[in-house]
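Heads up, input37.txt below (compact mmCIF, C-alpha atoms):
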```
# COMPACT_ATOMS: atom_id res chain seq x y z
CA MET A 487 -34.80 277.11 35.50
CA THR A 488 -34.47 280.78 36.39
CA PRO A 489 -34.12 283.26 33.51
CA ILE A 490 -30.99 285.39 33.81
CA ILE A 491 -30.93 287.21 30.45
CA GLU A 492 -34.18 288.11 28.69
CA PHE A 493 -34.52 289.85 25.33
CA GLN A 494 -38.02 291.10 24.56
CA HIS A 495 -38.50 292.54 21.06
CA VAL A 496 -35.01 294.05 21.02
CA ASP A 497 -33.89 296.12 18.06
CA LYS A 498 -30.52 297.68 17.44
CA TYR A 499 -29.50 300.02 14.64
CA TYR A 500 -26.18 301.45 13.50
CA GLY A 501 -27.46 304.48 11.62
CA LYS A 502 -29.74 302.91 9.03
CA PHE A 503 -28.27 299.43 9.36
CA HIS A 504 -30.62 297.14 11.27
CA ALA A 505 -28.15 295.03 13.26
CA LEU A 506 -30.53 293.19 15.62
CA LYS A 507 -34.06 292.53 14.43
CA ASP A 508 -36.79 291.90 17.00
CA ILE A 509 -34.76 289.58 19.20
CA ASN A 510 -36.73 287.44 21.65
CA LEU A 511 -34.51 285.20 23.68
CA THR A 512 -34.32 283.88 27.22
CA ILE A 513 -31.14 282.48 28.69
CA HIS A 514 -31.40 280.58 31.98
CA GLU A 515 -29.04 280.19 34.89
CA GLY A 516 -26.36 277.58 34.29
CA GLU A 517 -26.84 277.34 30.54
CA VAL A 518 -23.84 277.28 28.20
CA VAL A 519 -25.12 279.01 25.09
CA THR A 520 -22.95 279.19 22.01
CA ILE A 521 -23.73 281.60 19.21
CA ILE A 522 -22.46 280.78 15.75
CA GLY A 523 -23.04 282.37 12.38
CA PRO A 524 -21.36 284.15 9.50
CA SER A 525 -19.31 287.29 10.16
CA GLY A 526 -21.30 290.48 10.09
CA SER A 527 -24.42 288.62 11.18
CA GLY A 528 -24.70 290.62 14.43
CA LYS A 529 -23.61 287.96 16.90
CA SER A 530 -20.92 290.16 18.47
CA THR A 531 -23.41 293.01 18.68
CA LEU A 532 -25.88 290.68 20.37
CA ILE A 533 -23.44 289.61 23.07
CA ARG A 534 -22.19 293.18 23.60
CA THR A 535 -25.72 294.37 24.35
CA MET A 536 -25.88 291.90 27.26
CA ASN A 537 -23.56 294.01 29.44
CA GLY A 538 -24.43 297.37 27.94
CA LEU A 539 -21.33 297.86 25.78
CA GLU A 540 -23.83 298.39 22.97
CA LYS A 541 -27.08 300.22 23.66
CA ILE A 542 -30.30 298.81 22.29
CA ASN A 543 -32.71 301.09 20.45
CA ASP A 544 -35.98 299.36 21.16
CA GLY A 545 -37.46 296.63 23.34
CA LYS A 546 -36.61 295.31 26.78
CA LEU A 547 -33.42 293.60 27.88
CA ILE A 548 -33.39 292.27 31.42
CA VAL A 549 -30.06 291.01 32.75
CA THR A 550 -29.70 289.62 36.30
CA GLY A 551 -32.96 291.34 37.17
CA TYR A 552 -32.12 294.82 35.82
CA ASP A 553 -33.60 296.36 32.70
CA LEU A 554 -30.78 297.60 30.47
CA ALA A 555 -33.14 299.78 28.43
CA ASP A 556 -34.17 301.71 31.54
CA LYS A 557 -32.09 304.86 31.87
CA LYS A 558 -32.33 304.71 35.66
CA THR A 559 -30.58 301.34 35.78
CA ASP A 560 -27.05 301.56 37.17
CA ILE A 561 -25.09 299.65 34.54
CA ASN A 562 -22.29 298.95 37.03
CA LYS A 563 -24.63 296.81 39.13
CA ILE A 564 -25.16 294.55 36.14
CA ARG A 565 -21.50 294.44 35.21
CA LYS A 566 -20.55 293.30 38.72
CA ASN A 567 -22.43 290.11 37.93
CA VAL A 568 -21.67 289.82 34.23
CA GLY A 569 -18.06 289.31 33.19
CA MET A 570 -16.75 289.58 29.68
CA VAL A 571 -13.87 287.99 27.79
CA PHE A 572 -12.81 289.68 24.56
CA GLN A 573 -11.25 288.54 21.31
CA HIS A 574 -8.21 290.72 21.99
CA PHE A 575 -8.04 290.01 25.75
CA ASN A 576 -7.98 293.70 26.80
CA LEU A 577 -5.80 293.07 29.82
CA TYR A 578 -4.69 296.23 31.63
CA GLU A 579 -1.27 296.89 30.16
CA ASN A 580 -0.10 298.92 33.15
CA HIS A 581 -0.79 296.14 35.66
CA THR A 582 0.84 292.77 36.25
CA VAL A 583 -1.08 289.54 35.76
CA LEU A 584 -1.92 289.51 39.46
CA GLY A 585 -2.78 293.22 39.35
CA ASN A 586 -5.18 292.60 36.48
CA ILE A 587 -7.07 290.02 38.49
CA GLU A 588 -7.06 291.96 41.75
CA LEU A 589 -7.92 295.46 40.51
CA ALA A 590 -11.71 295.28 40.06
CA PRO A 591 -12.35 293.18 43.21
CA LYS A 592 -10.30 295.74 45.13
CA VAL A 593 -11.87 298.94 43.83
CA VAL A 594 -15.38 297.69 43.05
CA LEU A 595 -16.03 295.03 45.71
CA HIS A 596 -13.58 296.42 48.34
CA ARG A 597 -12.32 292.92 48.97
CA SER A 598 -9.59 292.74 51.62
CA LYS A 599 -5.98 292.47 50.43
CA GLU A 600 -5.39 288.99 51.85
CA GLU A 601 -8.63 287.54 50.54
CA ASN A 602 -8.13 289.19 47.18
CA GLU A 603 -4.65 287.79 46.76
CA ALA A 604 -5.70 284.32 47.90
CA ILE A 605 -8.57 284.23 45.39
CA ALA A 606 -6.39 285.61 42.58
CA MET A 607 -3.58 283.11 43.18
CA ASP A 608 -6.08 280.26 43.39
CA LEU A 609 -7.56 281.30 40.03
CA LEU A 610 -4.11 281.59 38.47
CA LYS A 611 -3.39 278.07 39.61
CA LYS A 612 -6.64 276.89 38.03
CA VAL A 613 -5.75 278.46 34.68
CA GLY A 614 -2.21 277.11 34.98
CA LEU A 615 -0.37 280.43 35.20
CA GLU A 616 0.62 280.83 38.85
CA ASN A 617 4.27 281.25 37.80
CA LYS A 618 3.33 284.29 35.66
CA ALA A 619 1.69 286.28 38.47
CA HIS A 620 4.23 289.10 38.43
CA MET A 621 4.70 289.41 34.69
CA TYR A 622 3.11 292.05 32.52
CA PRO A 623 0.57 291.09 29.84
CA ARG A 624 2.89 292.16 27.00
CA ASN A 625 5.32 289.38 28.01
CA LEU A 626 2.67 286.66 27.71
CA SER A 627 1.47 284.75 24.69
CA GLY A 628 -2.04 285.31 23.40
CA GLY A 629 -3.32 282.08 24.90
CA GLN A 630 -1.83 282.94 28.29
CA GLN A 631 -3.31 286.44 28.16
CA GLN A 632 -6.72 285.03 27.41
CA ARG A 633 -6.51 282.64 30.36
CA VAL A 634 -5.60 285.59 32.59
CA ALA A 635 -8.59 287.47 31.17
CA ILE A 636 -10.87 284.58 32.12
CA ALA A 637 -9.35 284.49 35.61
CA ARG A 638 -9.92 288.26 35.85
CA SER A 639 -13.60 287.76 35.07
CA LEU A 640 -13.92 284.86 37.52
CA ALA A 641 -12.37 286.92 40.34
CA MET A 642 -15.53 289.05 40.43
CA LYS A 643 -17.53 285.86 41.09
CA PRO A 644 -19.99 286.68 38.31
CA LYS A 645 -23.24 284.91 37.55
CA VAL A 646 -22.66 285.16 33.80
CA ILE A 647 -19.55 285.38 31.63
CA LEU A 648 -19.83 286.58 28.06
CA PHE A 649 -17.18 285.35 25.63
CA ASP A 650 -16.82 287.35 22.41
CA GLU A 651 -14.81 285.16 20.02
CA PRO A 652 -12.31 284.24 22.73
CA THR A 653 -10.10 282.06 20.53
CA SER A 654 -10.30 283.90 17.21
CA ALA A 655 -7.09 285.90 17.73
CA LEU A 656 -5.05 282.94 18.93
CA ASP A 657 -2.47 280.74 17.25
CA PRO A 658 -3.96 277.28 16.67
CA GLU A 659 -1.77 275.57 19.26
CA MET A 660 -2.95 278.01 21.95
CA ILE A 661 -6.64 277.43 21.41
CA GLN A 662 -7.00 274.16 23.30
CA ASP A 663 -5.60 275.58 26.58
CA VAL A 664 -8.18 278.37 26.48
CA LEU A 665 -11.01 275.97 25.62
CA ASP A 666 -9.98 273.77 28.56
CA VAL A 667 -10.26 276.75 30.91
CA MET A 668 -13.67 277.55 29.44
CA LYS A 669 -14.77 273.97 30.09
CA PHE A 670 -13.71 274.44 33.67
CA VAL A 671 -15.85 277.60 33.88
CA ALA A 672 -18.81 275.65 32.51
CA ASP A 673 -18.29 272.93 35.10
CA GLU A 674 -18.43 275.58 37.84
CA GLY A 675 -22.04 276.18 36.82
CA ILE A 676 -21.52 279.76 35.67
CA THR A 677 -23.88 280.82 32.90
CA MET A 678 -21.91 281.25 29.69
CA VAL A 679 -22.73 282.95 26.42
CA VAL A 680 -20.05 282.26 23.83
CA VAL A 681 -19.73 283.72 20.36
CA THR A 682 -17.36 281.31 18.67
CA HIS A 683 -16.15 279.60 15.53
CA GLU A 684 -15.07 276.55 17.53
CA MET A 685 -17.66 274.00 16.48
CA GLY A 686 -16.07 271.34 18.68
CA PHE A 687 -16.62 273.49 21.75
CA ALA A 688 -20.18 274.33 20.70
CA ARG A 689 -20.95 270.65 20.29
CA GLU A 690 -19.19 269.22 23.34
CA VAL A 691 -19.47 271.90 26.02
CA GLY A 692 -22.44 273.94 24.91
CA ASN A 693 -25.91 272.76 25.88
CA ARG A 694 -27.71 275.20 23.62
CA LEU A 695 -26.80 276.62 20.25
CA LEU A 696 -28.03 279.74 18.49
CA PHE A 697 -27.46 280.07 14.76
CA PHE A 698 -27.47 283.76 14.00
CA ASP A 699 -27.80 285.37 10.61
CA GLN A 700 -28.60 288.91 9.41
CA GLY A 701 -29.76 290.08 12.82
CA HIS A 702 -32.04 287.12 13.49
CA VAL A 703 -31.81 283.97 15.59
CA LEU A 704 -32.48 281.44 12.83
CA GLU A 705 -32.08 278.32 14.94
CA ASP A 706 -32.15 277.80 18.71
CA ARG A 707 -31.51 274.14 19.44
CA LYS A 708 -29.51 271.46 21.14
CA PRO A 709 -26.03 271.47 19.55
CA GLU A 710 -25.95 267.83 18.42
CA GLU A 711 -29.37 268.16 16.77
CA PHE A 712 -28.27 271.31 15.01
CA PHE A 713 -25.08 269.79 13.65
CA GLU A 714 -26.82 266.64 12.47
CA HIS A 715 -30.04 268.14 11.11
CA PRO A 716 -29.85 271.88 10.52
CA ASN A 717 -33.38 273.15 9.83
CA THR A 718 -32.60 276.11 7.63
CA GLU A 719 -30.93 276.39 4.26
CA ARG A 720 -28.64 279.17 5.61
CA ALA A 721 -27.38 276.91 8.38
CA ARG A 722 -26.76 274.01 6.00
CA GLU A 723 -24.82 276.32 3.71
CA PHE A 724 -22.82 277.72 6.65
CA LEU A 725 -21.98 274.28 8.02
CA SER A 726 -20.94 272.92 4.61
CA LYS A 727 -18.51 275.82 4.20
CA ILE A 728 -17.03 275.24 7.62
CA ILE A 729 -16.63 271.52 7.12
CA THR A 730 -15.01 271.80 3.68
CA ASN A 731 -12.52 274.27 5.17
CA MET B 1050 31.67 339.35 31.05
CA TRP B 1051 32.79 337.89 34.36
CA SER B 1052 32.84 341.30 36.01
CA LEU B 1053 29.42 342.04 34.59
CA LEU B 1054 28.16 338.93 36.37
CA THR B 1055 29.97 339.61 39.66
CA ASP B 1056 28.95 343.29 39.70
CA ASN B 1057 25.30 342.50 39.08
CA TRP B 1058 24.95 339.07 40.61
CA GLN B 1059 22.21 340.12 43.01
CA THR B 1060 20.11 341.52 40.20
CA PHE B 1061 20.63 338.40 38.12
CA LEU B 1062 19.86 336.17 41.08
CA ILE B 1063 16.55 337.89 41.84
CA GLY B 1064 15.60 337.39 38.21
CA PHE B 1065 16.68 333.77 38.24
CA TRP B 1066 14.74 333.13 41.44
CA ASN B 1067 11.57 334.72 40.08
CA THR B 1068 11.87 332.74 36.84
CA VAL B 1069 12.26 329.52 38.83
CA CYS B 1070 9.28 330.33 41.08
CA CYS B 1071 7.08 331.34 38.15
CA SER B 1072 8.06 328.21 36.20
CA ILE B 1073 7.41 325.82 39.08
CA LEU B 1074 4.04 327.36 39.92
CA ALA B 1075 2.95 327.50 36.28
CA LEU B 1076 4.18 323.95 35.68
CA ILE B 1077 2.25 322.48 38.60
CA PHE B 1078 -0.98 324.34 37.92
CA SER B 1079 -0.91 324.02 34.14
CA LEU B 1080 -0.38 320.28 34.52
CA ILE B 1081 -3.37 320.02 36.88
CA ILE B 1082 -5.63 322.31 34.83
CA GLY B 1083 -4.49 320.87 31.51
CA SER B 1084 -5.03 317.27 32.62
CA GLY B 1085 -8.46 318.23 33.94
CA PHE B 1086 -9.50 319.68 30.60
CA ALA B 1087 -7.99 316.70 28.75
CA ILE B 1088 -10.18 314.38 30.81
CA LEU B 1089 -13.23 316.54 30.11
CA GLU B 1090 -12.37 316.61 26.43
CA THR B 1091 -12.47 312.81 26.22
CA ASN B 1092 -15.63 312.51 28.35
CA PRO B 1093 -18.55 310.69 26.72
CA ASN B 1094 -20.77 313.61 27.74
CA LYS B 1095 -20.89 316.20 24.95
CA PHE B 1096 -21.51 319.12 27.32
CA TRP B 1097 -18.16 318.62 29.06
CA ARG B 1098 -16.36 318.06 25.78
CA THR B 1099 -17.68 321.37 24.45
CA ILE B 1100 -16.67 323.27 27.59
CA ALA B 1101 -13.15 321.83 27.36
CA LYS B 1102 -12.90 322.55 23.63
CA ILE B 1103 -13.87 326.19 24.14
CA TYR B 1104 -11.34 326.69 26.94
CA ILE B 1105 -8.55 325.03 24.97
CA GLU B 1106 -9.22 326.87 21.72
CA ILE B 1107 -9.35 330.25 23.48
CA PHE B 1108 -6.10 329.94 25.38
CA ARG B 1109 -4.22 328.09 22.66
CA ASN B 1110 -4.98 330.64 19.99
CA ILE B 1111 -4.34 333.93 21.78
CA PRO B 1112 -0.71 335.06 22.06
CA LEU B 1113 0.74 334.53 25.50
CA LEU B 1114 1.67 338.19 25.70
CA VAL B 1115 -1.95 339.23 25.17
CA ILE B 1116 -3.16 336.87 27.90
CA ALA B 1117 -0.53 338.20 30.31
CA MET B 1118 -1.48 341.79 29.47
CA ILE B 1119 -5.15 341.06 30.12
CA PHE B 1120 -4.31 339.84 33.61
CA TYR B 1121 -1.88 342.68 34.22
CA LEU B 1122 -3.88 345.62 32.86
CA VAL B 1123 -7.52 344.71 32.21
CA ILE B 1124 -8.59 342.52 35.12
CA PRO B 1125 -7.14 344.84 37.84
CA GLN B 1126 -9.34 347.65 36.46
CA PHE B 1127 -12.58 345.72 36.91
CA TRP B 1128 -11.88 343.05 39.45
CA PHE B 1129 -8.87 342.78 41.71
CA LYS B 1130 -5.33 344.09 41.85
CA MET B 1131 -2.34 341.90 41.23
CA ASN B 1132 1.35 342.47 40.62
CA GLY B 1133 3.20 341.72 37.41
CA PHE B 1134 4.60 338.44 38.68
CA THR B 1135 1.14 337.12 39.57
CA ALA B 1136 -0.44 338.33 36.33
CA GLY B 1137 2.34 336.84 34.22
CA THR B 1138 2.32 333.53 36.08
CA ILE B 1139 -1.46 333.18 35.77
CA GLY B 1140 -1.27 334.04 32.07
CA LEU B 1141 1.52 331.54 31.50
CA THR B 1142 -0.36 328.85 33.45
CA LEU B 1143 -3.55 329.22 31.43
CA TYR B 1144 -1.72 329.45 28.12
CA THR B 1145 0.39 326.36 28.79
CA SER B 1146 -2.55 324.41 30.25
CA ALA B 1147 -4.28 324.54 26.85
CA PHE B 1148 -1.28 322.90 25.18
CA ILE B 1149 -0.92 320.36 27.99
CA ALA B 1150 -4.62 319.54 27.65
CA GLU B 1151 -4.14 318.74 23.96
CA THR B 1152 -1.04 316.68 24.73
CA VAL B 1153 -2.69 314.65 27.49
CA ARG B 1154 -5.84 314.23 25.38
CA SER B 1155 -3.79 312.68 22.58
CA GLY B 1156 -2.28 310.33 25.18
CA ILE B 1157 -5.70 309.28 26.48
CA GLU B 1158 -6.92 308.70 22.92
CA SER B 1159 -3.90 306.60 22.04
CA VAL B 1160 -4.78 304.12 24.81
CA GLY B 1161 -6.90 301.56 22.95
CA ASP B 1162 -10.68 301.42 23.41
CA GLY B 1163 -10.23 297.84 24.59
CA GLN B 1164 -8.69 299.04 27.85
CA MET B 1165 -11.79 301.06 28.75
CA GLU B 1166 -14.13 298.26 27.62
CA GLY B 1167 -12.16 295.74 29.64
CA ALA B 1168 -12.31 297.88 32.76
CA ARG B 1169 -15.99 298.76 32.39
CA SER B 1170 -16.93 295.12 31.73
CA ASN B 1171 -14.99 294.20 34.84
CA GLY B 1172 -17.41 296.33 36.89
CA MET B 1173 -15.44 299.56 37.22
CA THR B 1174 -17.08 302.95 36.81
CA TYR B 1175 -15.87 305.33 34.12
CA TRP B 1176 -13.84 307.28 36.68
CA GLN B 1177 -12.28 304.18 38.22
CA ALA B 1178 -11.29 303.01 34.74
CA MET B 1179 -9.73 306.40 34.02
CA ARG B 1180 -7.85 306.49 37.28
CA TYR B 1181 -6.50 302.95 37.44
CA VAL B 1182 -6.20 301.95 33.81
CA ILE B 1183 -6.37 304.74 31.23
CA LEU B 1184 -4.54 307.72 32.77
CA PRO B 1185 -1.46 305.83 34.00
CA GLN B 1186 -0.94 304.55 30.46
CA ALA B 1187 -1.75 307.90 28.88
CA PHE B 1188 0.78 309.83 30.98
CA LYS B 1189 3.48 307.34 30.20
CA ILE B 1190 2.85 307.80 26.49
CA VAL B 1191 2.95 311.61 26.66
CA ILE B 1192 6.12 312.02 28.72
CA PRO B 1193 8.21 313.18 25.72
CA PRO B 1194 5.75 315.80 24.42
CA LEU B 1195 5.03 316.92 28.00
CA GLY B 1196 8.76 317.46 28.43
CA ASN B 1197 8.69 319.76 25.41
CA GLN B 1198 5.80 321.67 26.94
CA PHE B 1199 7.71 322.11 30.20
CA VAL B 1200 10.79 323.41 28.40
CA ASN B 1201 8.59 325.78 26.39
CA LEU B 1202 6.97 326.92 29.63
CA ILE B 1203 10.31 327.89 31.17
CA LYS B 1204 11.30 329.80 28.05
CA ASN B 1205 7.88 331.45 27.84
CA SER B 1206 8.18 332.65 31.44
CA SER B 1207 10.22 335.47 29.89
CA VAL B 1208 6.82 337.06 29.20
CA LEU B 1209 7.10 338.33 32.78
CA ALA B 1210 9.56 340.91 31.46
CA PHE B 1211 6.67 342.67 29.71
CA VAL B 1212 4.48 342.90 32.80
CA ALA B 1213 7.21 343.94 35.28
CA GLY B 1214 7.48 340.48 36.78
CA PHE B 1215 11.15 340.87 37.79
CA ASP B 1216 12.13 337.63 36.10
CA LEU B 1217 15.47 336.81 34.49
CA MET B 1218 14.61 338.54 31.24
CA TYR B 1219 13.34 341.66 33.02
CA GLN B 1220 16.46 341.90 35.17
CA GLY B 1221 18.57 341.35 32.07
CA ASP B 1222 16.85 344.30 30.40
CA VAL B 1223 17.57 346.41 33.48
CA ILE B 1224 21.25 345.47 33.51
CA ALA B 1225 21.66 345.87 29.76
CA SER B 1226 20.19 349.35 29.76
CA SER B 1227 22.20 350.53 32.77
CA THR B 1228 25.58 349.05 31.75
CA PHE B 1229 25.15 349.27 27.96
CA GLN B 1230 26.80 345.83 27.79
CA THR B 1231 23.95 344.42 25.81
CA ILE B 1232 25.55 341.37 24.23
CA PRO B 1233 27.28 339.92 27.34
CA THR B 1234 24.17 340.54 29.42
CA TYR B 1235 21.90 338.55 27.16
CA ILE B 1236 24.51 335.79 26.84
CA ILE B 1237 24.46 335.46 30.64
CA VAL B 1238 20.65 335.51 30.63
CA GLY B 1239 20.67 332.76 28.00
CA LEU B 1240 23.06 330.67 30.09
CA PHE B 1241 20.80 331.03 33.12
CA TYR B 1242 17.87 329.68 31.08
CA LEU B 1243 20.02 326.75 29.97
CA ILE B 1244 20.73 325.91 33.62
CA LEU B 1245 16.98 325.31 33.98
CA THR B 1246 16.03 323.80 30.64
CA LEU B 1247 18.91 321.41 29.95
CA PRO B 1248 18.59 319.35 33.17
CA LEU B 1249 14.83 319.23 32.63
CA SER B 1250 15.30 317.92 29.08
CA TYR B 1251 17.71 315.26 30.28
CA TYR B 1252 15.43 314.27 33.14
CA MET B 1253 12.47 313.85 30.78
CA GLN B 1254 14.60 311.73 28.44
CA HIS B 1255 15.60 309.62 31.43
CA LEU B 1256 11.93 309.12 32.40
CA GLU B 1257 11.13 308.19 28.83
CA ASN B 1258 13.80 305.50 28.74
CA LYS B 1259 12.77 304.01 32.04
```
As structure tokens, the full file:
Amino acid sequence: MTPIIEFQHVDKYYGKFHALKDINLTIHEGEVVTIIGPSGSGKSTLIRTMNGLEKINDGKLIVTGYDLADKKTDINKIRKNVGMVFQHFNLYENHTVLGNIELAPKVVLHRSKEENEAIAMDLLKKVGLENKAHMYPRNLSGGQQQRVAIARSLAMKPKVILFDEPTSALDPEMIQDVLDVMKFVADEGITMVVVTHEMGFAREVGNRLLFFDQGHVLEDRKPEEFFEHPNTERAREFLSKIITN
Amino acid sequence: MWSLLTDNWQTFLIGFWNTVCCSILALIFSLIIGSGFAILETNPNKFWRTIAKIYIEIFRNIPLLVIAMIFYLVIPQFWFKMNGFTAGTIGLTLYTSAFIAETVRSGIESVGDGQMEGARSNGMTYWQAMRYVILPQAFKIVIPPLGNQFVNLIKNSSVLAFVAGFDLMYQGDVIASSTFQTIPTYIIVGLFYLILTLPLSYYMQHLENK
């Protein structure tokens, strides 16, 4: 297995607050890693460091072969290969659904118009929204917007897609459609890192689970093992709260 | 009042023409310069933000008349000669550009951070994100306040009267002092300004509703 994301003694501070504490973590090509943990534990910060949206203060962070801590690294080279899906979708409000998917391949990869449109329409079909191609994001439901956002990431043909709580802002009945699209992404063999509260997804689709708390990776295990026999008291406490809810 | 207009129509027309020319030039260049400084003011790099802040604070906080006078009287003494029209138009452009910069900056800032993060995560550079995602949204948001700035600009072009710019106001002064028909003259001058500002206001409202 080839490493694709490597944290070596990574620290991150917000002022005096120590958000990530000496993170050592290697994610390999093709893995579907889910990160769970209480809010404020730093899991969003962790995933946002992986494409440079948050800068790290100390240590080494190598993503698709480039060191993010090195000032000479061109961050855009990493981001070409590392897509991101956000909690609040962040679709371009001034572009149609199709425009959202085609923009970055056009201006970053200089993909030809015909090829670009063919790929975009194919992706829209895969996420079940080909009839929405010419609508604007504001006219779509949250679940539909999130599926467009995933298609937008896929259009760049990335090696990794980072998902930062992709279903947390959705109405319950919308969640399954988005999870289905994420399953499809996993089946394509794209490396996925997913911060989520969807335990079902973590258990069924994920092949590795990180339990994160107070800036540390407390557990790094196979999902089914984690859910059946959590090793730490914090994880047991967390799981019992989730199950009683 | 009608005879005043027909007797002096050439004088009025020259003034009207100069006001139109000055307004169009100042509008185009203040929009370009102002947008440029707005983009610098929202740049992540502190050096550019400071440069923009200094420019904006200087030209926003000095009276327009003083800026026009500096270009009309001070700069020709040390640097190069220019006529009143040029000096007034440059002064008006710089003055208005500071207000436009603040307007456009507020538009850029009102586009959510998520738009920039989305674009950057999608592989675009900062400038590509600005060009294709942020600025189109920002300009749409600031159409109404920009419209106000443009109307103010046309009215402020009357500063040319103080630097012998042969604009509407200047020509009005000439006619008023030669005919002694002060009140009708300035009523006509006011109507000429309305011919410019009212259609502009309505056009901006139309853009806003689109």
**Request:** With a cut-off of 10 Å and counting only C-alpha atoms, select all residues of chain A in contact with chain B and give the selection as an MDAnalysis selection string.
**Result:** chainID A and resid 534 537:539 561:581 586:587 589:591 593:595 635 638:642 644 648
**Item:** Among listed residues A:Ser530, A:Gln700, A:Ser525, A:Asn543, nearest His495 of chain A (using only C-alpha atoms)
**Value:** A:Asn543
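For the pair atom CA of Val613 of chain A and atom CA of Arg633 of chain A, the separation is 6.1 Å.
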Within 10 Å of Ile509 of chain A, counting only C-alpha atoms, which residues qualify if same-chain residues fewer than 5 places away don't, as a PDB file with C-alpha atoms, in the coordinates of the input?
```
ATOM      1  CA  GLU A 492     -34.180 288.110  28.690  1.00  0.00           C
ATOM      2  CA  PHE A 493     -34.520 289.850  25.330  1.00  0.00           C
ATOM      3  CA  GLN A 494     -38.020 291.100  24.560  1.00  0.00           C
ATOM      4  CA  HIS A 495     -38.500 292.540  21.060  1.00  0.00           C
ATOM      5  CA  VAL A 496     -35.010 294.050  21.020  1.00  0.00           C
ATOM      6  CA  ASP A 497     -33.890 296.120  18.060  1.00  0.00           C
ATOM      7  CA  LYS A 498     -30.520 297.680  17.440  1.00  0.00           C
ATOM      8  CA  LEU A 532     -25.880 290.680  20.370  1.00  0.00           C
ATOM      9  CA  GLY A 545     -37.460 296.630  23.340  1.00  0.00           C
ATOM     10  CA  LYS A 546     -36.610 295.310  26.780  1.00  0.00           C
ATOM     11  CA  LEU A 547     -33.420 293.600  27.880  1.00  0.00           C
ATOM     12  CA  GLY A 701     -29.760 290.080  12.820  1.00  0.00           C
ATOM     13  CA  HIS A 702     -32.040 287.120  13.490  1.00  0.00           C
ATOM     14  CA  VAL A 703     -31.810 283.970  15.590  1.00  0.00           C
TER      15      VAL A 703
END
```
**Request:** Can you pull out every residue within 12 Å of segment 662-666 of chain A, counting only C-alpha atoms, but drop anything in the same chain fewer than 2 positions away, and send it as number ranges by chain?
**Result:** A: 571, 573, 575, 612-615, 627-637, 649, 651-660, 668-673, 680, 682-688, 690-692
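One finds atom CA of Ile1232 of chain B at 24.8 Å from atom CA of Pro1248 of chain B.
Nearest to Phe1134 of chain B of all the residues B:Ile1100, B:Leu1074, B:Leu1195, B:Leu1249 is B:Leu1074, counting only C-alpha atoms.
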**Request:** Would you list the contacts of segment 1215-1229 of chain B as a list in words, taking every protein, DNA or RNA residue within 6 Å and counting all atoms listed in the file, but skipping same-chain residues closer than 6 positions in sequence?
**Result:** Gly1064, Phe1065, Asn1067, Thr1068 and Ser1207 of chain B
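Take atom CA of Leu1141 of chain B and atom CA of Ser1206 of chain B: the distance between them is 6.8 Å.
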**Message:** Nearest residue to Ala1213 of chain B out of B:Tyr1121, B:Phe1199, B:Tyr1251, B:Trp1128, using only C-alpha atoms?
**Reply:** B:Tyr1121
Residues near segment 709-722 of chain A, cut-off 6 Å, only C-alpha atoms, skip fewer than 5 positions along chain, as a PDB file with C-alpha atoms, in the coordinates of the input:
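Dumped to result_12.pdb:
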```pdb
ATOM      1  CA  ARG A 689     -20.950 270.650  20.290  1.00  0.00           C
ATOM      2  CA  ARG A 694     -27.710 275.200  23.620  1.00  0.00           C
ATOM      3  CA  LEU A 695     -26.800 276.620  20.250  1.00  0.00           C
TER       4      LEU A 695
END
```
**Request:** Dig up all the protein and nucleic acid residues within 10 Å of (2.7, 336.3, 34.2) in the file frame, using only C-alpha atoms, and format them as an NGL selection string.
**Result:** :B and (1071-1072 or 1075 or 1113-1114 or 1116-1118 or 1120-1121 or 1132-1143 or 1205-1214 or 1216)
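Closest to Asn1057 of chain B among B:Ile1203, B:Ile1237, B:Ala1187, B:Leu1243 is B:Ile1237, based on only C-alpha atoms.
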Coordinates of box centre and edge lengths for segment 576-585 of chain A, 5 Å on every side, axis-aligned, as AutoDock Vina command-line options:
```
--center_x -3.6 --center_y 294.2 --center_z 33.1 --size_x 18.8 --size_y 19.4 --size_z 22.7
```
With N, CA and C atoms as the goal, would you fill in the gaps in segment 594-600 of chain A and present it as a short mmCIF file (atom, residue, chain, number, x, y, z; two decimals), in the coordinates of the input?
```
data_model
loop_
_atom_site.label_atom_id
_atom_site.label_comp_id
_atom_site.auth_asym_id
_atom_site.auth_seq_id
_atom_site.Cartn_x
_atom_site.Cartn_y
_atom_site.Cartn_z
N VAL A 594 -13.93 297.77 43.21
CA VAL A 594 -15.38 297.69 43.05
C VAL A 594 -16.02 296.97 44.24
N LEU A 595 -15.43 295.83 44.62
CA LEU A 595 -16.03 295.03 45.71
C LEU A 595 -15.40 295.33 47.07
N HIS A 596 -14.30 296.11 47.09
CA HIS A 596 -13.58 296.42 48.34
C HIS A 596 -13.21 295.16 49.10
N ARG A 597 -12.75 294.17 48.35
CA ARG A 597 -12.32 292.92 48.97
C ARG A 597 -11.00 293.16 49.69
N SER A 598 -10.81 292.50 50.84
CA SER A 598 -9.59 292.74 51.62
C SER A 598 -8.37 292.22 50.86
N LYS A 599 -7.21 292.78 51.17
CA LYS A 599 -5.98 292.47 50.43
C LYS A 599 -5.66 290.98 50.50
N GLU A 600 -5.76 290.41 51.69
CA GLU A 600 -5.39 288.99 51.85
C GLU A 600 -6.33 288.10 51.06
#
```
